[in-house]
Amino acid sequence: MPKTLRFRDFICIHLVTTRWCVFSSPSTSGLFNSVQPFTTMGTEQASQEAPNATPEAANPTATDADNAESIDVNLDEWKGFEYSPVEFSPVLTINLSDEFRHVFGLLYAVKKSKERSKRALDLTSRAIILQNSSPTAWMLRREVVATLAENNPALWAIELGFTAKIISKNEKNYQAWEHRRFAAESGNLLQTEIQFTDVALNGDEKNYHAWCHRHWLVRDHGLTEGELDATEWFIRTDLRNNSAWNHRWLVTGLVEGARNDDEMTFALEIVEKAPRNEAVWNYIHAMGKSGLSIAAAKAKAVECLEVDAGCIPARRFLVLNASSSEASEVRKHCQILASGVDPIRKKYWEMKAADPGRPIKG
Amino acid sequence: MSTNTPSYPPSVPTERELTDFGVQRVQHENIFSDTWHAQHYVEQRVFDIRHARPPEKPLVLFREKHVSWLMRHLQYLPRGSESFDVLQGWSCFWIVHSLNLLGATIPVPTASMVVKHLATFKDPVVGGYGGGPGQSSHLASSFSVIMTLCGLGTEEALMSIDSVSLLRFILQMKQADGSFRVSFGGETDVRAMYCAICIASIVGLLKGVEAEKITRGCASYVKSLQGFDGGLGGEPGAESHGGNSFCGLATLVILDELDAVDTGALLDWAVMRQMAYEGGFQGRTNKLVDSCYSFWVGSLFPLLGLKARAPAGMSKLFDADALQRYVLECAQLENGGFRDKPGTSRDLMHSCYALSGLSIAQHFGEAKHDAKNEVKKVDPVFNIAEDKINYVKEFFSQT
Ligand SMILES: [Zn+2]
């Protein structure tokens, strides 16, 4: 049976491993239905799991911590440490809670001090749970972890668990994703990162941050293995997912010989299913610009237009890829687009029609 | 179906065309997917709005409502807005810039309070500004503070800008490959670069002796962002995106480096982002319309028009009437403020960029409008009202 992973598995893996259970599982975990990420579906990558990356191993911890919404920062621990709570401002007044004012007041004071300790780490956890997007709290956390990890490298795994928790609550959080790159790189823990993005992409298959994380893994760390199959899976799940097409473009540029005639055949097969899909036509256009023959694609575009004169991306493809001898054809296509099927871009098509064969240089 | 024939502007489909349009979609795109369903849902909501509106009722800008909603937020942010604690500079910018575009005057004592409050965001150690008092410096926060001060445009506001401290911070964010981090240990992307280059340009740092240290490698970084479809992504390899395309292209305009990217391909991409039915822009291929891209994508046309030998009319290559219509009809709320799209709630950010996009439609795209609906002209590079940015440029050229 294929294993299904959820955010909580990533949150708990590292807690189980290290027995430093200061963080709860995400309070929102119920919102994320179990998924079948591509990478667990019988491909190469299924074997690349972390040793404890099974829901079974993780669940006991998750249950223990399920009731605790977040960790407590014991302010007594900070007795004698001078700070002032965040003040209310005279304009843009925000109704800040007392907890917020004290936690952040303390955090700003710790930032100014040279203290980079375990209690400072706990303080940043509390602050980040209160305010996921505080660059100050994340920056302090980065400094503290970098200091503490010198004697305790297991900390990097905890950081992956912590960022998983925050990302599960707020999938578009810039700081958490950046911190995750830092921790995975510093702790040499890159092997489960593709799977982590699978989980995030299951919630939103166009999540820009998750895709960027994946671009980073293939671009800077060469983790291209399995990515052609993965992007094909995403594309077949939603033919119009431009994020998946984009990632595929990156991968085919990195994998030797991947931009070949078979790739063109694959794209044309996808065109067949839903011809009005701009993403696939753009992909074919780019393959043509990279040197592959587009003769079959042009024939396909003509075929599509015979069935559906309103197939804008096919007509656009013919306009953008016309040879100099096809000026009158281009003019005809532009007129159809301008006056009939794509009136919102009327002026653009008219400009193209006026000067066929030459791109409009912005 | 209503028996009235609504008096749509020519660019918007008639009821009949609309019905045909729906039929066509279903007939020819019978592969349903998440993308298809989400798009269909939005089109249906826009359709409902357009049909519920009496055809004789003209589209109006609810100027007074917007002004009072914005002024209220300049004093108190609503309950549950703790997340705005790190966005204080941004909130100020969104409000001040929106008020400028609406032609409202911010009372001098209020402006003065804002200036004094923003001054407490300064980080005396590393330079620059944080998101609020005590917070770490951040390029986006610094950008929002500087742009607010420019938007206020008072002598007190502009005098409070310390260009030496900004320079110190910007140089610390510069990376070996020419890119910028947003903060110490923060992410590296084209937003960070635009924020750095934009404020450096405004306060005169690009004419200074350190200019080369700031601008080194920027153009080649932006070049590395151009995607397979011609748009620009946030980092190398990332998907083309309206906001990132704006940041990258505006950076190149400021640096006079427009040749670094294939502007023809960028235009071909940008023009496709306008939604055939809704009239507003999407930020990425096959995503949904969103009012904030009214500015991010709308501004790309005047920016591309700034290129040497660009054809006349470049800044009008989108359908400005349709964009204006989306902003006023689908994004605007009668009790003040703008939303992303029907079904979402209003917020300051979308209000700011919907109004900025409306200005692009009216002043660059020449959308038809009367004085009642007119907003002030925006500068497409800096996204500041044109009269304000001219004053600011003059101010800093003298200091
Ligand atoms: Zn938006």
# chains A, B, ... in the order shown; residues from 1 in each chain; ligands from 1
>>> residues_near_ligand(ligand="ligand 1", cutoff="6 Å", atoms="only C-alpha atoms and all ligand atoms", output="MDAnalysis selection string")
chainID B and resid 290:292 340
>>> residues_around(residues="B:Met113", least_positions_apart="5", cutoff="10 Å", atoms="only C-alpha atoms", output="list in words")
Ser89, Pro90 and Val91 of chain A; Val108, Leu118 and Ala119 of chain B
>>> atom_distance(atom1="atom CA of B:Ile49", atom2="atom CA of A:Ile344")
19.5 Å
>>> residues_around(residues="A:Phe234", least_positions_apart="3", cutoff="9 Å", atoms="only C-alpha atoms", output="count of residues only")
11
>>> residues_around(residues="B:Gln39", least_positions_apart="6", cutoff="10 Å", atoms="only C-alpha atoms", output="ChimeraX atom specification")
/B:33,286-289
>>> interface_residues(of="chain B", to="chain A", cutoff="7 Å", atoms="only C-alpha atoms", output="MDAnalysis selection string")
chainID B and resid 11 29 31 33:35 73:77 79 81:83 86 113:114 134:136 184:187 228:229 237:239 263:264 267 276 285:286 304:305 307 310 317:319
>>> closest_residue(among="B:Ala52, B:Met349, B:Leu102, B:His97", to="B:Ala371", atoms="only C-alpha atoms")
B:Leu102
>>> atom_distance(atom1="atom CA of B:Lys174", atom2="atom CA of B:Ala250")
18.3 Å
>>> decode(residues="stretch 74-214 of chain A", atoms="C-alpha atoms", output="mmCIF file, in the first residue's frame")
data_model
loop_
_atom_site.group_PDB
_atom_site.id
_atom_site.type_symbol
_atom_site.label_atom_id
_atom_site.label_comp_id
_atom_site.auth_asym_id
_atom_site.auth_seq_id
_atom_site.Cartn_x
_atom_site.Cartn_y
_atom_site.Cartn_z
ATOM 1 C CA ASN A 74 8.354 30.898 31.166
ATOM 2 C CA LEU A 75 8.969 34.573 31.641
ATOM 3 C CA ASP A 76 10.314 33.799 35.149
ATOM 4 C CA GLU A 77 13.225 32.225 33.396
ATOM 5 C CA TRP A 78 14.042 35.726 32.196
ATOM 6 C CA LYS A 79 13.853 37.374 35.646
ATOM 7 C CA GLY A 80 16.342 40.173 35.871
ATOM 8 C CA PHE A 81 16.701 40.474 32.110
ATOM 9 C CA GLU A 82 15.801 44.046 31.310
ATOM 10 C CA TYR A 83 13.300 44.746 28.586
ATOM 11 C CA SER A 84 10.270 46.856 27.959
ATOM 12 C CA PRO A 85 7.086 45.500 26.409
ATOM 13 C CA VAL A 86 6.158 46.683 22.921
ATOM 14 C CA GLU A 87 4.315 49.984 23.229
ATOM 15 C CA PHE A 88 1.081 51.028 21.578
ATOM 16 C CA SER A 89 1.761 53.440 18.766
ATOM 17 C CA PRO A 90 0.049 56.821 18.337
ATOM 18 C CA VAL A 91 -0.919 56.070 14.724
ATOM 19 C CA LEU A 92 -1.835 52.733 13.167
ATOM 20 C CA THR A 93 -2.716 51.547 16.627
ATOM 21 C CA ILE A 94 -2.878 47.779 16.799
ATOM 22 C CA ASN A 95 -4.720 46.037 19.587
ATOM 23 C CA LEU A 96 -1.761 43.946 20.766
ATOM 24 C CA SER A 97 -2.282 41.368 23.496
ATOM 25 C CA ASP A 98 -0.205 41.554 26.667
ATOM 26 C CA GLU A 99 1.442 38.287 25.760
ATOM 27 C CA PHE A 100 2.456 39.655 22.378
ATOM 28 C CA ARG A 101 3.830 42.862 23.877
ATOM 29 C CA HIS A 102 5.938 41.021 26.448
ATOM 30 C CA VAL A 103 7.217 38.247 24.212
ATOM 31 C CA PHE A 104 8.287 40.658 21.501
ATOM 32 C CA GLY A 105 9.586 43.288 23.921
ATOM 33 C CA LEU A 106 11.782 40.590 25.412
ATOM 34 C CA LEU A 107 12.779 39.297 21.995
ATOM 35 C CA TYR A 108 13.945 42.721 20.820
ATOM 36 C CA ALA A 109 15.998 43.093 24.005
ATOM 37 C CA VAL A 110 17.564 39.637 23.565
ATOM 38 C CA LYS A 111 18.400 40.496 19.977
ATOM 39 C CA LYS A 112 20.387 43.507 21.190
ATOM 40 C CA SER A 113 22.193 41.431 23.816
ATOM 41 C CA LYS A 114 24.798 38.864 22.909
ATOM 42 C CA GLU A 115 22.799 36.011 24.424
ATOM 43 C CA ARG A 116 22.327 33.060 22.043
ATOM 44 C CA SER A 117 21.001 30.342 24.355
ATOM 45 C CA LYS A 118 18.447 27.562 24.662
ATOM 46 C CA ARG A 119 16.026 29.901 26.406
ATOM 47 C CA ALA A 120 16.504 32.395 23.568
ATOM 48 C CA LEU A 121 15.612 29.628 21.117
ATOM 49 C CA ASP A 122 12.425 28.873 23.042
ATOM 50 C CA LEU A 123 11.600 32.555 23.066
ATOM 51 C CA THR A 124 11.862 32.749 19.276
ATOM 52 C CA SER A 125 9.560 29.704 19.014
ATOM 53 C CA ARG A 126 6.954 31.459 21.090
ATOM 54 C CA ALA A 127 7.333 34.690 19.143
ATOM 55 C CA ILE A 128 7.088 32.956 15.774
ATOM 56 C CA ILE A 129 3.987 31.068 16.838
ATOM 57 C CA LEU A 130 2.422 34.406 17.805
ATOM 58 C CA GLN A 131 3.585 36.110 14.621
ATOM 59 C CA ASN A 132 4.670 33.724 11.858
ATOM 60 C CA SER A 133 6.132 36.432 9.656
ATOM 61 C CA SER A 134 8.334 38.341 12.071
ATOM 62 C CA PRO A 135 11.690 38.740 10.266
ATOM 63 C CA THR A 136 13.238 39.767 13.594
ATOM 64 C CA ALA A 137 12.250 36.565 15.369
ATOM 65 C CA TRP A 138 13.413 34.397 12.478
ATOM 66 C CA MET A 139 16.688 36.281 12.230
ATOM 67 C CA LEU A 140 17.383 35.831 15.934
ATOM 68 C CA ARG A 141 16.448 32.175 15.648
ATOM 69 C CA ARG A 142 18.921 31.714 12.825
ATOM 70 C CA GLU A 143 21.710 33.223 14.909
ATOM 71 C CA VAL A 144 20.819 31.192 17.984
ATOM 72 C CA VAL A 145 20.580 27.907 16.102
ATOM 73 C CA ALA A 146 23.847 28.518 14.293
ATOM 74 C CA THR A 147 25.524 29.073 17.660
ATOM 75 C CA LEU A 148 23.948 26.129 19.510
ATOM 76 C CA ALA A 149 24.347 23.687 16.627
ATOM 77 C CA GLU A 150 28.104 23.913 16.875
ATOM 78 C CA ASN A 151 27.848 21.606 19.884
ATOM 79 C CA ASN A 152 24.546 19.968 18.989
ATOM 80 C CA PRO A 153 24.174 19.202 15.268
ATOM 81 C CA ALA A 154 20.865 17.407 15.967
ATOM 82 C CA LEU A 155 19.360 20.876 16.208
ATOM 83 C CA TRP A 156 19.169 21.176 12.438
ATOM 84 C CA ALA A 157 16.632 18.344 12.309
ATOM 85 C CA ILE A 158 14.546 20.110 14.927
ATOM 86 C CA GLU A 159 14.588 23.198 12.783
ATOM 87 C CA LEU A 160 13.091 21.216 9.910
ATOM 88 C CA GLY A 161 10.337 20.054 12.237
ATOM 89 C CA PHE A 162 9.718 23.574 13.457
ATOM 90 C CA THR A 163 9.541 25.099 9.981
ATOM 91 C CA ALA A 164 7.202 22.278 8.932
ATOM 92 C CA LYS A 165 4.901 23.278 11.748
ATOM 93 C CA ILE A 166 4.872 26.932 10.728
ATOM 94 C CA ILE A 167 4.495 26.157 7.028
ATOM 95 C CA SER A 168 1.603 23.829 7.772
ATOM 96 C CA LYS A 169 -0.196 26.804 9.319
ATOM 97 C CA ASN A 170 0.981 29.400 6.855
ATOM 98 C CA GLU A 171 2.139 27.933 3.573
ATOM 99 C CA LYS A 172 3.091 31.283 2.082
ATOM 100 C CA ASN A 173 5.493 32.336 4.801
ATOM 101 C CA TYR A 174 8.703 33.685 3.266
ATOM 102 C CA GLN A 175 10.789 33.414 6.428
ATOM 103 C CA ALA A 176 9.930 29.811 7.290
ATOM 104 C CA TRP A 177 10.799 28.573 3.808
ATOM 105 C CA GLU A 178 14.099 30.467 3.849
ATOM 106 C CA HIS A 179 14.924 29.136 7.314
ATOM 107 C CA ARG A 180 14.175 25.654 6.060
ATOM 108 C CA ARG A 181 16.713 26.039 3.249
ATOM 109 C CA PHE A 182 19.275 27.212 5.793
ATOM 110 C CA ALA A 183 18.631 24.302 8.177
ATOM 111 C CA ALA A 184 18.490 21.606 5.493
ATOM 112 C CA GLU A 185 21.722 22.859 3.976
ATOM 113 C CA SER A 186 23.569 23.366 7.264
ATOM 114 C CA GLY A 187 22.546 19.986 8.658
ATOM 115 C CA ASN A 188 23.021 18.200 5.335
ATOM 116 C CA LEU A 189 19.392 17.089 5.509
ATOM 117 C CA LEU A 190 18.327 17.549 1.917
ATOM 118 C CA GLN A 191 17.157 14.011 1.227
ATOM 119 C CA THR A 192 13.507 14.432 2.324
ATOM 120 C CA GLU A 193 13.005 17.954 1.038
ATOM 121 C CA ILE A 194 11.430 16.984 -2.280
ATOM 122 C CA GLN A 195 8.887 14.947 -0.331
ATOM 123 C CA PHE A 196 8.221 17.890 1.924
ATOM 124 C CA THR A 197 7.347 20.044 -1.066
ATOM 125 C CA ASP A 198 5.058 17.255 -2.290
ATOM 126 C CA VAL A 199 3.071 17.632 0.904
ATOM 127 C CA ALA A 200 2.887 21.406 0.612
ATOM 128 C CA LEU A 201 1.902 21.113 -3.056
ATOM 129 C CA ASN A 202 -0.858 18.729 -2.171
ATOM 130 C CA GLY A 203 -2.559 21.574 -0.310
ATOM 131 C CA ASP A 204 -1.936 24.025 -3.147
ATOM 132 C CA GLU A 205 -0.376 22.605 -6.267
ATOM 133 C CA LYS A 206 0.706 26.078 -7.402
ATOM 134 C CA ASN A 207 2.280 27.238 -4.120
ATOM 135 C CA TYR A 208 5.053 29.534 -5.317
ATOM 136 C CA HIS A 209 7.213 29.043 -2.219
ATOM 137 C CA ALA A 210 7.044 25.269 -2.412
ATOM 138 C CA TRP A 211 7.986 25.279 -6.086
ATOM 139 C CA CYS A 212 10.847 27.714 -5.406
ATOM 140 C CA HIS A 213 12.087 25.346 -2.711
ATOM 141 C CA ARG A 214 12.045 22.601 -5.307
#
